[in-house]
Structure formats: structure tokens, C-alpha cells
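Student: What follows is the file work06.tsv, containing TSV, C-alpha atoms:
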```tsv
chain	number	residue	atom	x	y	z
A	154	MET	CA	115.03	84.45	99.66
A	155	ALA	CA	118.41	86.08	99.47
A	156	ALA	CA	121.56	84.12	100.16
A	157	ASP	CA	124.85	85.71	101.13
A	158	ARG	CA	125.82	85.72	97.46
A	159	GLN	CA	123.73	87.89	95.13
A	160	MET	CA	122.46	86.32	91.93
A	161	ILE	CA	122.70	88.77	89.04
A	162	PHE	CA	121.04	87.96	85.71
A	163	VAL	CA	122.29	89.86	82.68
A	164	SER	CA	119.95	90.30	79.72
A	165	TYR	CA	121.61	91.55	76.53
A	166	SER	CA	121.63	91.36	72.76
A	167	HIS	CA	124.52	89.38	71.31
A	168	ALA	CA	125.21	92.44	69.16
A	169	ASP	CA	126.27	94.15	72.42
A	170	VAL	CA	128.52	91.41	73.77
A	171	ARG	CA	131.43	93.86	74.13
A	172	TRP	CA	129.47	95.76	76.78
A	173	LEU	CA	128.74	92.50	78.58
A	174	GLN	CA	132.47	91.76	78.55
A	175	ARG	CA	133.32	95.19	79.96
A	176	LEU	CA	130.68	94.93	82.70
A	177	THR	CA	131.91	91.43	83.57
A	178	LEU	CA	135.43	92.82	83.93
A	179	VAL	CA	134.28	95.57	86.29
A	180	LEU	CA	132.32	93.09	88.42
A	181	ALA	CA	135.16	90.52	88.48
A	182	PRO	CA	136.40	91.46	92.01
A	183	LEU	CA	132.91	90.78	93.44
A	184	VAL	CA	132.74	87.47	91.59
A	185	GLY	CA	136.22	86.57	92.82
A	186	GLU	CA	135.27	87.28	96.43
A	187	ASP	CA	132.12	85.15	96.01
A	188	ARG	CA	129.99	88.22	96.66
A	189	ILE	CA	127.94	87.77	93.50
A	190	ASP	CA	126.97	85.05	91.06
A	191	LEU	CA	126.96	86.73	87.64
A	192	TRP	CA	124.81	84.83	85.17
A	193	ASP	CA	124.42	85.30	81.41
A	194	ASP	CA	123.61	82.91	78.59
A	195	ARG	CA	127.28	82.13	77.93
A	196	ARG	CA	127.01	79.74	80.88
A	197	ILE	CA	124.56	77.50	79.03
A	198	GLN	CA	126.36	74.35	77.92
A	199	PRO	CA	125.87	72.91	74.40
A	200	GLY	CA	122.94	70.50	74.37
A	201	ALA	CA	121.38	71.95	77.52
A	202	GLN	CA	117.71	72.95	77.80
A	203	TRP	CA	118.50	76.62	77.25
A	204	GLN	CA	114.98	77.98	77.89
A	205	THR	CA	114.74	76.01	81.14
A	206	GLU	CA	118.16	77.26	82.30
A	207	ILE	CA	117.24	80.87	81.50
A	208	ASP	CA	113.91	80.57	83.35
A	209	GLU	CA	115.62	79.03	86.39
A	210	ALA	CA	118.28	81.74	86.45
A	211	LEU	CA	115.69	84.50	86.14
A	212	ASN	CA	113.55	83.11	88.95
A	213	ALA	CA	116.60	82.78	91.22
A	214	ALA	CA	117.98	86.24	90.50
A	215	ASP	CA	118.13	89.09	93.02
A	216	VAL	CA	119.03	91.65	90.34
A	217	ALA	CA	118.42	91.82	86.59
A	218	VAL	CA	120.84	93.96	84.58
A	219	LEU	CA	119.57	94.95	81.14
A	220	LEU	CA	122.09	96.19	78.56
A	221	VAL	CA	119.72	98.30	76.48
A	222	SER	CA	120.31	99.25	72.86
A	223	ALA	CA	118.30	99.31	69.64
A	224	SER	CA	119.33	95.67	69.14
A	225	PHE	CA	118.13	94.79	72.64
A	226	LEU	CA	114.71	96.38	72.08
A	227	ALA	CA	114.38	94.71	68.66
A	228	SER	CA	115.11	91.22	70.02
A	229	THR	CA	112.04	88.96	69.81
A	230	PHE	CA	113.58	86.53	72.28
A	231	ILE	CA	114.26	89.21	74.89
A	232	ASN	CA	110.79	90.72	74.51
A	233	GLU	CA	108.97	87.39	74.66
A	234	SER	CA	111.13	85.20	76.90
A	235	GLU	CA	112.97	87.47	79.36
A	236	LEU	CA	111.37	90.89	79.79
A	237	PRO	CA	107.88	89.68	80.85
A	238	THR	CA	109.33	87.69	83.77
A	239	ILE	CA	111.73	90.48	84.69
A	240	LEU	CA	108.97	93.11	84.74
A	241	GLU	CA	106.56	90.86	86.63
A	242	ARG	CA	109.08	90.13	89.40
A	243	TRP	CA	110.15	93.82	89.49
A	244	LYS	CA	106.56	95.01	89.96
A	245	ALA	CA	106.08	92.45	92.73
A	246	GLY	CA	109.16	93.75	94.55
A	247	GLN	CA	110.95	90.42	94.11
A	248	LEU	CA	113.68	91.64	91.78
A	249	ALA	CA	115.82	94.75	91.51
A	250	VAL	CA	116.28	95.98	87.94
A	251	ALA	CA	119.18	98.05	86.65
A	252	TRP	CA	118.91	98.89	82.99
A	253	VAL	CA	121.94	100.38	81.35
A	254	ALA	CA	121.77	102.56	78.22
A	255	VAL	CA	124.66	101.20	76.17
A	256	SER	CA	123.68	102.92	72.90
A	257	PRO	CA	120.84	105.18	71.67
A	258	ALA	CA	117.42	103.50	71.66
A	259	LEU	CA	113.71	104.36	71.82
A	260	TYR	CA	113.40	103.06	75.38
A	261	GLU	CA	110.75	105.64	76.32
A	262	VAL	CA	108.06	103.90	74.22
A	263	THR	CA	108.70	100.57	75.98
A	264	PRO	CA	107.96	99.40	79.55
A	265	LEU	CA	111.53	100.44	80.44
A	266	GLY	CA	110.31	104.02	80.35
A	267	GLN	CA	108.70	103.29	83.75
A	268	ILE	CA	112.01	102.25	85.32
A	269	GLN	CA	114.82	104.60	86.37
A	270	ALA	CA	117.89	103.92	84.23
A	271	ALA	CA	121.22	103.20	85.90
A	272	ASN	CA	122.87	105.86	83.73
A	273	ASP	CA	121.71	108.86	81.71
A	274	PRO	CA	120.03	107.53	78.53
A	275	ARG	CA	120.82	110.85	76.86
A	276	ARG	CA	124.51	109.98	77.21
A	277	PRO	CA	124.69	106.20	76.65
A	278	LEU	CA	127.96	104.37	77.19
A	279	SER	CA	128.70	104.18	73.47
A	280	GLU	CA	128.93	107.99	73.30
A	281	LEU	CA	131.48	108.30	76.13
A	282	ARG	CA	135.25	108.15	75.91
A	283	HIS	CA	136.62	104.74	76.91
A	284	SER	CA	137.87	105.91	80.31
A	285	ALA	CA	134.63	107.81	81.03
A	286	ALA	CA	132.61	104.71	80.14
A	287	ASP	CA	134.74	102.64	82.53
A	288	GLU	CA	134.07	105.14	85.33
A	289	GLU	CA	130.35	104.94	84.58
A	290	LEU	CA	130.45	101.13	84.63
A	291	VAL	CA	132.09	101.20	88.07
A	292	ARG	CA	129.36	103.52	89.34
A	293	ILE	CA	126.70	101.24	87.81
A	294	ALA	CA	128.31	98.21	89.49
A	295	ARG	CA	127.84	99.89	92.88
A	296	LEU	CA	124.22	100.66	92.02
A	297	ILE	CA	123.64	97.01	91.07
A	298	THR	CA	124.80	95.74	94.47
A	299	SER	CA	122.73	98.35	96.31
A	300	GLY	CA	119.63	97.32	94.31
A	301	SER	CA	119.89	93.81	95.68
A	302	ALA	CA	120.30	95.21	99.19
A	303	VAL	CA	117.06	97.20	98.79
A	304	THR	CA	115.25	93.98	97.95
A	305	ALA	CA	116.73	92.39	101.09
A	306	VAL	CA	115.67	95.35	103.24
A	307	GLY	CA	112.11	95.03	101.96
A	308	ARG	CA	111.98	91.32	102.73
A	309	ALA	CA	113.43	91.84	106.22
A	310	LEU	CA	110.89	94.55	107.08
A	311	LYS	CA	107.98	92.52	105.71
A	312	THR	CA	109.10	89.56	107.83
A	313	VAL	CA	108.95	91.76	110.93
A	314	ASP	CA	105.53	93.13	109.89
A	315	LYS	CA	104.19	89.55	110.00
A	316	ILE	CA	105.40	88.77	113.51
A	317	THR	CA	105.42	92.10	115.38
A	318	TYR	CA	102.45	91.24	117.57
A	319	GLN	CA	103.68	87.69	118.10
A	320	LEU	CA	106.97	89.08	119.39
A	321	ALA	CA	105.07	91.48	121.63
A	322	GLU	CA	103.24	88.53	123.21
A	323	MET	CA	106.58	87.13	124.34
A	324	THR	CA	107.13	90.21	126.48
A	325	GLY	CA	103.73	89.92	128.20
A	326	GLN	CA	101.85	92.40	126.02
A	327	GLY	CA	98.31	91.43	125.13
A	328	ARG	CA	97.33	90.00	121.75
A	329	ARG	CA	96.49	92.63	119.15
A	330	ALA	CA	94.69	92.31	115.82
A	331	GLY	CA	95.01	94.04	112.47
A	332	PRO	CA	98.11	95.20	110.61
A	333	PRO	CA	100.75	97.40	112.24
A	334	SER	CA	100.35	101.15	111.72
A	335	VAL	CA	103.22	101.25	109.22
A	336	VAL	CA	104.13	98.39	106.91
A	337	ALA	CA	106.78	97.83	104.26
A	338	ALA	CA	105.69	97.53	100.64
A	339	PRO	CA	108.08	96.61	97.83
A	340	VAL	CA	107.17	98.89	94.90
A	341	ASN	CA	108.97	98.79	91.56
A	342	GLY	CA	112.47	98.16	92.86
A	343	THR	CA	112.09	100.36	95.95
A	344	VAL	CA	110.72	99.85	99.47
A	345	GLU	CA	107.92	102.17	100.55
A	346	LEU	CA	106.70	102.46	104.14
A	347	HIS	CA	102.92	102.76	104.05
A	348	GLN	CA	100.93	104.27	106.89
A	349	HIS	CA	97.21	103.48	107.01
A	350	VAL	CA	95.55	106.39	108.80
A	351	VAL	CA	91.90	105.88	107.80
A	352	PRO	CA	90.62	102.32	107.21
A	353	GLY	CA	89.68	101.86	103.57
A	354	GLU	CA	91.52	104.98	102.44
A	355	PRO	CA	94.77	104.88	100.39
A	356	ALA	CA	97.91	104.57	102.48
A	357	ILE	CA	100.28	107.49	103.01
A	358	VAL	CA	103.88	106.90	101.92
A	359	VAL	CA	105.99	108.05	104.88
A	360	GLU	CA	109.38	106.89	103.60
A	361	THR	CA	110.94	105.43	100.46
A	362	ILE	CA	114.20	103.47	100.26
A	363	THR	CA	115.85	103.27	96.83
A	364	PRO	CA	119.04	101.76	95.39
A	365	GLU	CA	120.39	105.29	95.05
A	366	ASP	CA	119.94	105.75	98.82
A	367	LEU	CA	121.91	102.60	99.62
A	368	VAL	CA	124.80	103.57	97.34
A	369	ARG	CA	125.88	105.72	100.29
A	370	LEU	CA	126.56	102.58	102.32
A	371	SER	CA	129.90	100.80	102.08
A	372	ASP	CA	130.28	97.56	100.13
A	373	ARG	CA	130.71	95.76	103.46
A	374	GLN	CA	127.45	97.20	104.83
A	375	LEU	CA	125.56	96.18	101.68
A	376	GLN	CA	126.95	92.67	102.03
A	377	LEU	CA	125.94	92.56	105.70
A	378	ILE	CA	122.37	93.59	104.87
A	379	GLU	CA	122.15	90.56	102.59
A	380	THR	CA	123.59	88.35	105.33
A	381	PHE	CA	121.26	89.68	108.04
A	382	GLU	CA	118.20	89.16	105.84
A	383	ALA	CA	119.27	85.62	104.96
A	384	THR	CA	119.65	84.81	108.67
A	385	MET	CA	116.26	86.35	109.43
A	386	TYR	CA	114.68	84.09	106.81
A	387	VAL	CA	116.09	80.96	108.45
A	388	GLU	CA	114.98	82.07	111.91
A	389	PHE	CA	111.56	83.15	110.63
A	390	ASP	CA	110.89	79.64	109.31
A	391	ARG	CA	111.97	78.12	112.63
A	392	TRP	CA	109.87	80.65	114.58
A	393	ASN	CA	106.74	79.99	112.47
A	394	ASP	CA	106.98	76.25	112.99
A	395	LEU	CA	107.31	76.61	116.75
A	396	TYR	CA	104.72	79.38	117.13
A	397	ARG	CA	102.03	77.22	115.52
A	398	ARG	CA	102.75	74.51	118.11
A	399	GLN	CA	103.41	76.76	121.11
A	400	ALA	CA	100.74	75.15	123.29
A	401	THR	CA	102.62	71.83	123.22
A	402	LEU	CA	106.25	72.97	123.14
A	403	THR	CA	108.85	71.41	125.39
A	404	VAL	CA	111.10	73.60	127.54
A	405	GLY	CA	113.91	73.13	125.05
A	406	GLU	CA	111.70	74.14	122.11
A	407	ARG	CA	110.58	77.26	123.95
A	408	GLN	CA	114.23	78.19	124.40
A	409	VAL	CA	114.81	77.69	120.67
A	410	MET	CA	111.79	79.89	119.91
A	411	GLN	CA	113.15	82.62	122.19
A	412	SER	CA	116.58	82.30	120.57
A	413	SER	CA	115.01	82.74	117.10
A	414	ALA	CA	113.22	85.88	118.26
A	415	LYS	CA	116.44	87.34	119.65
A	416	GLN	CA	118.35	86.58	116.43
A	417	MET	CA	115.68	88.18	114.23
A	418	CYS	CA	115.72	91.22	116.49
A	419	ARG	CA	119.52	91.51	116.26
A	420	ASP	CA	119.42	91.27	112.47
A	421	LEU	CA	116.63	93.83	112.18
A	422	THR	CA	118.38	96.24	114.55
A	423	ASN	CA	121.56	96.03	112.50
A	424	ILE	CA	119.70	96.77	109.27
A	425	ILE	CA	117.82	99.71	110.83
A	426	THR	CA	121.10	101.10	112.19
A	427	PHE	CA	122.55	101.16	108.66
A	428	LEU	CA	119.44	102.93	107.39
A	429	ASP	CA	119.60	105.45	110.23
A	430	GLY	CA	123.16	106.23	109.13
A	431	ILE	CA	121.96	107.48	105.74
A	432	GLY	CA	119.03	109.43	107.13
A	433	LYS	CA	116.33	106.81	106.54
A	434	SER	CA	114.55	106.89	109.89
A	435	LEU	CA	111.94	104.17	110.22
A	436	THR	CA	109.37	105.78	112.46
A	437	ASP	CA	106.35	104.62	114.42
A	438	HIS	CA	105.84	100.87	113.94
A	439	TYR	CA	109.53	100.05	113.56
A	440	MET	CA	110.43	102.11	116.60
A	441	GLU	CA	107.89	100.00	118.51
A	442	VAL	CA	109.53	96.85	117.16
A	443	ARG	CA	112.91	98.04	118.43
A	444	PHE	CA	111.37	98.62	121.86
A	445	ILE	CA	109.90	95.11	121.81
A	446	CYS	CA	113.26	93.72	120.73
A	447	ASP	CA	115.00	95.51	123.62
A	448	ASN	CA	112.63	93.74	126.01
A	449	ILE	CA	113.23	90.38	124.33
A	450	ALA	CA	117.01	90.84	124.54
A	451	ALA	CA	116.67	91.32	128.31
A	452	MET	CA	114.73	88.07	128.77
```
Would you put the structure from the file into C-alpha cells?

Tutor:
Amino acid sequence: MAADRQMIFVSYSHADVRWLQRLTLVLAPLVGEDRIDLWDDRRIQPGAQWQTEIDEALNAADVAVLLVSASFLASTFINESELPTILERWKAGQLAVAWVAVSPALYEVTPLGQIQAANDPRRPLSELRHSAADEELVRIARLITSGSAVTAVGRALKTVDKITYQLAEMTGQGRRAGPPSVVAAPVNGTVELHQHVVPGEPAIVVETITPEDLVRLSDRQLQLIETFEATMYVEFDRWNDLYRRQATLTVGERQVMQSSAKQMCRDLTNIITFLDGIGKSLTDHYMEVRFICDNIAAM
């Protein structure tokens, strides 16, 4: 789960180290404020188990940044040791991916052709003037942080999907079965809201949240989304433990359970408020959750 500090894994060819250096410079203020943990293979110490360290960094990452060039696509190590894990976690909605066209390359015949590039591949960074490339790197840096926030939004909404009816029970509503009418689904670096109208039929996508959408939020709001989701994760674990034992809970434990519910509701409401501000209205199921949360807050 996300922590307050985003973990960003950079995959690159050593032939393109100058672009890594320029990206690192642009991201330096976020590193200095402890907003992000920027990881690349220069952090591997001599004598270390380099494959193990790379695997651990990849599995811990919130965002993977790929500096794509002909050298990148030709790298056996990248294609065999990094890209498979990156693409697997991206497809599962566990990792945001921002690939950057740093020089001309045949990306369209690779799996990267399925993923929206962070910049225009027809005008890679190497073909821009130095100042124009710096401006593009700043824009890409903002997109990178919003990509991690999208992942956090998806995890927060999926957490609520799991416990909606449990929360409703706290307010005296009867037990219900089956999934909520609308559920969050992480899909290829985005979050889709799926509505199941007819059982057994494909779901209807009623809303999609992308990194490009969240770029419209401030840096502070993106950071808060990460923080709210991290808090929800902690409270969700506490809630699950207590809910399984609810028949034997002490008075004090019931108060803790109620406190966890209120905290998750506050975090969710804050995230939804940010999304409302950029025109991403979460209808139906999530409006019901907000109503349930209002009742819990009054308890």
C-alpha cells in the first residue's frame, strides 16, 4: 500500500544517463521535501545482490518511469528483467507507468504501444531545444506524481467497495449481499468505475480517472490523496480484525471499531471532494457511501 512518500522506479539504458540526470534534477525539490523516493540502479552498492535489489525496488514502487530510446528497447536486461514485472503490475492496477520518449524509437511494435506516453513520441526530448526539453520534463514530473495519486484513488475506492455493506450495518441498515452497484476497477494505470446492470453481462464504464485528470489538482492535493489512502489502509486492517470478532468485542473495542469507520469515511470524503473539484462525480454507489458516512459521523 501507499505510504506518504511515493516510490518512483526509473528504468533506463545507461546510454541515456544524461536524461536520467536531467529528470533527477527536475524532481530534486520533491526528493528534498521527502515527497518521493526516487530509485534507479545507481543506488546499488558494489558487491550487492543487484537483481534482488532491483526486484525489491520494482515491487515496492508506486510509479515506474521508463526513459525510452532505441537503446532502451534494445536492452536485453530491461526486456527480460524489468519490463515484464512493470507491465504485469501495470495491468493489475498496482503500478502507474509513465514512459518518456527521450529519442526516436520503434515503440509502437512493443508492449509500450498499449500505454499512453508521457510526452509526444513524435517529438522526443532529444529533438527539442534545451529549454523546451526542460519545460517538458517539468510537465512530465507533474504527470508522474498524479499517476501515483490515481493508484491511491483506486485502492481507496476498492477498500470502500469491500466494506460498504458492513458500514451500513453500523447505522442499523439490514445486511445486504452481492457487490455494490458500482465498483472501482484499476485498469492499465487508470481507475474505471464499473456498473453491473445485468448479471452476467459486461459492466458499463460510467467514469474513468486518469493521471491527466489529476494533473489539474495542486501538488498539495495530490500529496493529501496519498496520505488519506495510507490512513485508510491502516484503519481498514484494524476494522477487518475487529469486524471478524464483533460478536465478542468489549465496549472499548467497539469504540475503536467505530473510530476506524469514522476515519475511513473522513478520508474517503476528502478524496471524493478533490475529484468533485475536477468534474469527476462518483455517482450512485459512492453517493450512497457518503450518505452512510454522514450517518456514522453523527453516531

Student: Rounded to one decimal, what separation in Å do you get between atom CA of Ser412 of chain A and atom CA of Lys311 of chain A?

Tutor: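 Taking atom CA of Ser412 of chain A and atom CA of Lys311 of chain A, their separation equals 20.0 Å.
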
Student: I'd like the neighbourhood of segment 211-223 of chain A as a count of residues only, where a residue qualifies if any of its atoms comes within 6 Å (using all atoms listed in the file), though same-chain residues fewer than 4 positions away should be ignored.

Tutor: 17

Student: Set the distance at 8 Å and use all atoms listed in the file: which residues neighbour segment 337-342 of chain A once local chain neighbours fewer than 3 positions away are removed? I'd like the list as a ChimeraX atom specification.

Tutor: /A:243-250,268,300,303-304,307,310-311,314,345-347,363-364

Student: Go through A:Lys415, A:Arg276, A:Arg391, A:Arg171 one by one, measure the shortest atom-to-atom distance of each to Asn448 of chain A using only C-alpha atoms, and give the residue with the smallest value.

Tutor: A:Lys415

Student: Please report the interatomic distance between atom CA of His167 of chain A and atom CA of Gln267 of chain A in Å with one decimal.

Tutor: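 Atom CA of His167 of chain A sits 24.5 Å away from atom CA of Gln267 of chain A.
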
Student: Out of A:Ile189, A:His283, A:Asp372, A:Ile293, which residue has the shortest atom-to-atom distance to Ala270 of chain A when counting all atoms listed in the file?

Tutor: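 Closest to Ala270 of chain A of all the choices is A:Ile293.
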
Student: State, in Å with one decimal place, the distance from atom CA of Gly325 of chain A to atom CA of Glu441 of chain A.

Tutor: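 Atom-to-atom, atom CA of Gly325 of chain A and atom CA of Glu441 of chain A are spaced 14.6 Å apart.
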
Student: Which residues, written as JSON, numbers by chain, have at least one atom at most 9 Å from Arg443 of chain A, with only C-alpha atoms counted and residues fewer than 3 positions away on the same chain left out?

Tutor: {"A": [418, 421, 422, 438, 439, 440, 446, 447, 448]}

Student: Go through A:Thr361, A:Gln202, A:Thr401, A:Gln174 one by one, measure the shortest atom-to-atom distance of each to Leu290 of chain A using all atoms listed in the file, and give the residue with the smallest value.

Tutor: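 Checking each candidate against Leu290 of chain A, we get A:Gln174 as the closest.
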
Student: Between A:Leu395, A:Glu289, A:Pro257, A:Glu322, which has the minimum distance to Arg275 of chain A (counting all atoms listed in the file)?

Tutor: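 Once distances to Arg275 of chain A are computed over all atoms listed in the file, the minimum belongs to A:Pro257.
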
Student: Excluding same-chain residues fewer than 6 positions from segment 427-430 of chain A, what lies within 12 Å of it counting only C-alpha atoms, as a ChimeraX atom specification?

Tutor: /A:302-303,306,310,360-363,366-371,373-378,381,420-421,436,439-440

Student: Which residue is closest to Asp287 of chain A? Choose from A:Gln159, A:Thr177, A:Gln416, A:Glu186 and count only C-alpha atoms.

Tutor: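 Answer, going by the shortest atom-to-atom distance: A:Thr177.
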
Student: With all atoms listed in the file as the atoms that count, which of A:Ala450, A:Thr380, A:Trp392, A:Leu435 lies nearest to Arg407 of chain A?

Tutor: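 For Arg407 of chain A, the nearest of the candidates is A:Trp392.
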
Student: I want to know what sits within 8 Å of Ile445 of chain A, based on all atoms listed in the file, with residues of the same chain fewer than 6 positions away left out; could you give that as a list in words?

Tutor: Leu320, Ala321 and Thr324 of chain A

Student: Given the selection you just returned, output its residues as a file containing C-alpha atoms, formatted as a short mmCIF file (atom, residue, chain, number, x, y, z; two decimals), in the coordinates of the input.

Tutor:
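Saved to out-v1.cif:
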```
data_model
loop_
_atom_site.label_atom_id
_atom_site.label_comp_id
_atom_site.auth_asym_id
_atom_site.auth_seq_id
_atom_site.Cartn_x
_atom_site.Cartn_y
_atom_site.Cartn_z
CA LEU A 320 106.97 89.08 119.39
CA ALA A 321 105.07 91.48 121.63
CA THR A 324 107.13 90.21 126.48
#
```

Student: Box time for segment 316-330 of chain A: axis-aligned, enclosing all its listed atoms, 6 Å extra on each side; report centre and edge lengths in Å to one decimal, as lines of an AutoDock Vina configuration file.

Tutor:
```
center_x = 100.9
center_y = 89.9
center_z = 120.9
size_x = 24.4
size_y = 17.5
size_z = 26.7
```
